[in-house]
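Following: one structure in structure tokens, then a few remarks.
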Amino acid sequence: MPDADKTIRTAKAELRKEMLARRQQAAAAAPDAGARLKANLIAAVPVPPAAAVAAFWPMGDEIDVRPLLLHFHAQGHVCALPATGRRGETLRFRRWTPDTELVPAVFGTREPPPEAPPVDPDLLLVPLLAFDAAGWRLGYGAGFYDRTLADLRARKNVLAVGVAYAAQEAPAVPHDGADQRLDWIVTERGAMRIAAE
């Protein structure tokens with residue numbers, strides 16, 4: 001088993017390197033990707049009116065989910081951003097509105113301040129480096145979203161929507177027992193519902 005684990009870790013590291021380059025090219029080629037992502041998600045993904053929505057503040061050349069955050073806020077949804085704790089923990093989510101003064105956080109991102117109210121999300125917009133048609137996602141390697149999704153899914157129905165550039169699709173994403181599949185993938189080119197296994 002240790003050899004299999006090492007093989008998966010190596011495959012993930014190689015795919016991360018490739019996808020960082022692909023994402024950079026995709027971001028440069030599609031400055032309107034955030035608006036197109038918003039339109040595709042709204043058209044395809046059924047979001048209940050009372051759902052609490054958690055997104056993320058984009059870093060670097062990640063696809064811009066801020067148009068979606070503004071849309072969901074305008075529609076009356078409770079919106080949240082993650083607060084990243086120590087490695088090995090699950091994410092916590094804090095309330096976000098357009099007036100929220102974000103504070104610097106780990107990994108170069110920004111998050112609501114500690115006094116922002118906690119939110120238990122029903123819909124997660126999940127960042128990723130790579131995805132495949134089976135719903136497997138490659139993140140940055142710390143496992144925050146996999147642990148968080150496992151925790152949420154043990155307690156409630158939650159919808160996990162991976163958001164990315166279409167260029168970040170891979171033929172197959174290496175995965176193991178700790179990885180969580182997504183329910184949808186939405187890109188600037190379209191939306192794909194993932195069939196249950």
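FYI, nothing fancy with the structure tokens labels: chains A, B, ... in order, residues from 1 per chain, ligands from 1 as they appear.
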
Practice item. Would you list, as a ChimeraX atom specification, the residues of chain A that end up in helix (DSSP H, G or I) under DSSP run on this structure's backbone? Key: /A:2-29,33-44,66-74,106-108,144-155,166-168

Practice item. Write out as an MDAnalysis selection string all residues of segment 61-166 of chain A that DSSP puts in strand (DSSP E) for this structure's backbone. Key: chainID A and resid 79:83 92:96 103:104 110:111 123:126 130:131 137:138 159:163

Store the residues of this selection in a file with N, CA and C atoms, as an mmCIF file, in the first residue's frame.
data_model
loop_
_atom_site.group_PDB
_atom_site.id
_atom_site.type_symbol
_atom_site.label_atom_id
_atom_site.label_comp_id
_atom_site.auth_asym_id
_atom_site.auth_seq_id
_atom_site.Cartn_x
_atom_site.Cartn_y
_atom_site.Cartn_z
ATOM 1 N N CYS A 79 -24.402 34.177 2.087
ATOM 2 C CA CYS A 79 -23.147 33.838 1.409
ATOM 3 C C CYS A 79 -22.011 33.786 2.417
ATOM 4 N N ALA A 80 -21.020 32.953 2.115
ATOM 5 C CA ALA A 80 -19.907 32.767 3.040
ATOM 6 C C ALA A 80 -18.616 32.517 2.281
ATOM 7 N N LEU A 81 -17.525 32.766 2.970
ATOM 8 C CA LEU A 81 -16.189 32.431 2.479
ATOM 9 C C LEU A 81 -15.507 31.572 3.531
ATOM 10 N N PRO A 82 -14.556 30.736 3.104
ATOM 11 C CA PRO A 82 -13.886 29.874 4.080
ATOM 12 C C PRO A 82 -12.885 30.627 4.937
ATOM 13 N N ALA A 83 -12.751 30.136 6.164
ATOM 14 C CA ALA A 83 -11.679 30.560 7.062
ATOM 15 C C ALA A 83 -10.793 29.333 7.247
ATOM 16 N N ARG A 92 -13.831 26.303 8.147
ATOM 17 C CA ARG A 92 -14.983 26.945 8.761
ATOM 18 C C ARG A 92 -15.420 28.048 7.798
ATOM 19 N N PHE A 93 -16.688 28.384 7.818
ATOM 20 C CA PHE A 93 -17.192 29.388 6.881
ATOM 21 C C PHE A 93 -17.776 30.555 7.665
ATOM 22 N N ARG A 94 -17.499 31.771 7.162
ATOM 23 C CA ARG A 94 -17.988 32.983 7.806
ATOM 24 C C ARG A 94 -18.800 33.795 6.805
ATOM 25 N N ARG A 95 -19.794 34.489 7.311
ATOM 26 C CA ARG A 95 -20.715 35.274 6.485
ATOM 27 C C ARG A 95 -19.958 36.329 5.681
ATOM 28 N N TRP A 96 -20.360 36.458 4.414
ATOM 29 C CA TRP A 96 -19.800 37.485 3.532
ATOM 30 C C TRP A 96 -20.934 38.291 2.929
ATOM 31 N N VAL A 103 -9.936 40.160 5.476
ATOM 32 C CA VAL A 103 -8.614 40.255 6.105
ATOM 33 C C VAL A 103 -7.681 39.253 5.433
ATOM 34 N N PRO A 104 -6.373 39.530 5.418
ATOM 35 C CA PRO A 104 -5.420 38.583 4.819
ATOM 36 C C PRO A 104 -5.468 37.240 5.541
ATOM 37 N N ARG A 110 -7.930 35.837 1.043
ATOM 38 C CA ARG A 110 -8.548 36.773 1.983
ATOM 39 C C ARG A 110 -9.822 36.118 2.511
ATOM 40 N N GLU A 111 -10.207 36.485 3.732
ATOM 41 C CA GLU A 111 -11.372 35.876 4.352
ATOM 42 C C GLU A 111 -12.092 36.891 5.236
ATOM 43 N N LEU A 123 -24.449 24.744 -0.277
ATOM 44 C CA LEU A 123 -23.822 24.686 -1.594
ATOM 45 C C LEU A 123 -22.397 25.208 -1.465
ATOM 46 N N LEU A 124 -21.444 24.426 -1.947
ATOM 47 C CA LEU A 124 -20.049 24.854 -1.942
ATOM 48 C C LEU A 124 -19.565 25.030 -3.363
ATOM 49 N N LEU A 125 -19.025 26.214 -3.671
ATOM 50 C CA LEU A 125 -18.277 26.417 -4.907
ATOM 51 C C LEU A 125 -16.832 26.085 -4.571
ATOM 52 N N VAL A 126 -16.305 25.049 -5.214
ATOM 53 C CA VAL A 126 -15.029 24.469 -4.793
ATOM 54 C C VAL A 126 -13.925 24.802 -5.800
ATOM 55 N N ALA A 130 -7.445 20.622 -11.154
ATOM 56 C CA ALA A 130 -7.821 19.716 -12.249
ATOM 57 C C ALA A 130 -9.101 18.991 -11.873
ATOM 58 N N PHE A 131 -9.842 18.576 -12.892
ATOM 59 C CA PHE A 131 -11.047 17.773 -12.689
ATOM 60 C C PHE A 131 -11.156 16.783 -13.826
ATOM 61 N N ARG A 137 -11.520 15.601 -8.290
ATOM 62 C CA ARG A 137 -10.907 16.937 -8.268
ATOM 63 C C ARG A 137 -9.499 16.838 -7.705
ATOM 64 N N LEU A 138 -8.626 17.635 -8.280
ATOM 65 C CA LEU A 138 -7.282 17.771 -7.730
ATOM 66 C C LEU A 138 -7.161 19.167 -7.141
ATOM 67 N N LEU A 159 -24.351 20.319 -1.705
ATOM 68 C CA LEU A 159 -24.026 20.240 -3.128
ATOM 69 C C LEU A 159 -22.630 20.818 -3.340
ATOM 70 N N ALA A 160 -21.748 20.025 -3.916
ATOM 71 C CA ALA A 160 -20.372 20.468 -4.179
ATOM 72 C C ALA A 160 -20.196 20.717 -5.673
ATOM 73 N N VAL A 161 -19.937 21.978 -6.021
ATOM 74 C CA VAL A 161 -19.804 22.383 -7.422
ATOM 75 C C VAL A 161 -18.366 22.842 -7.660
ATOM 76 N N GLY A 162 -17.623 22.061 -8.428
ATOM 77 C CA GLY A 162 -16.272 22.453 -8.781
ATOM 78 C C GLY A 162 -16.321 23.516 -9.864
ATOM 79 N N VAL A 163 -15.546 24.591 -9.697
ATOM 80 C CA VAL A 163 -15.527 25.669 -10.677
ATOM 81 C C VAL A 163 -14.100 25.865 -11.175
#

Point to revise | Close residues, Leu20 of chain A itself excluded, 7 Å, only C-alpha atoms, min 4 positions apart in chain, as a PyMOL selection string | key: chain A and resi 16+24+129

Exercise for review: Please provide the set of residues having any atom within 12 Å of Leu91 of chain A, restricted to only C-alpha atoms, with same-chain residues fewer than 3 positions apart removed, written as JSON, numbers by chain.
Suggested key: {"A": [54, 55, 56, 80, 81, 82, 83, 84, 85, 86, 87, 88, 94, 111, 118, 119, 120, 121, 124, 126, 142, 143, 144, 145, 146, 147, 148, 149, 150, 151, 152]}

Revision key, fill the gap. Here atom CA of Arg23 of chain A and atom CA of Ile42 of chain A stand apart by 22.8 Å

Exercise for review: Counting only C-alpha atoms, figure out which residue out of A:Ala105, A:Pro58, A:Pro112, A:Val45 gets nearest to Ile194 of chain A.
Suggested key: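 Under the stated criterion, the closest residue is A:Val45.
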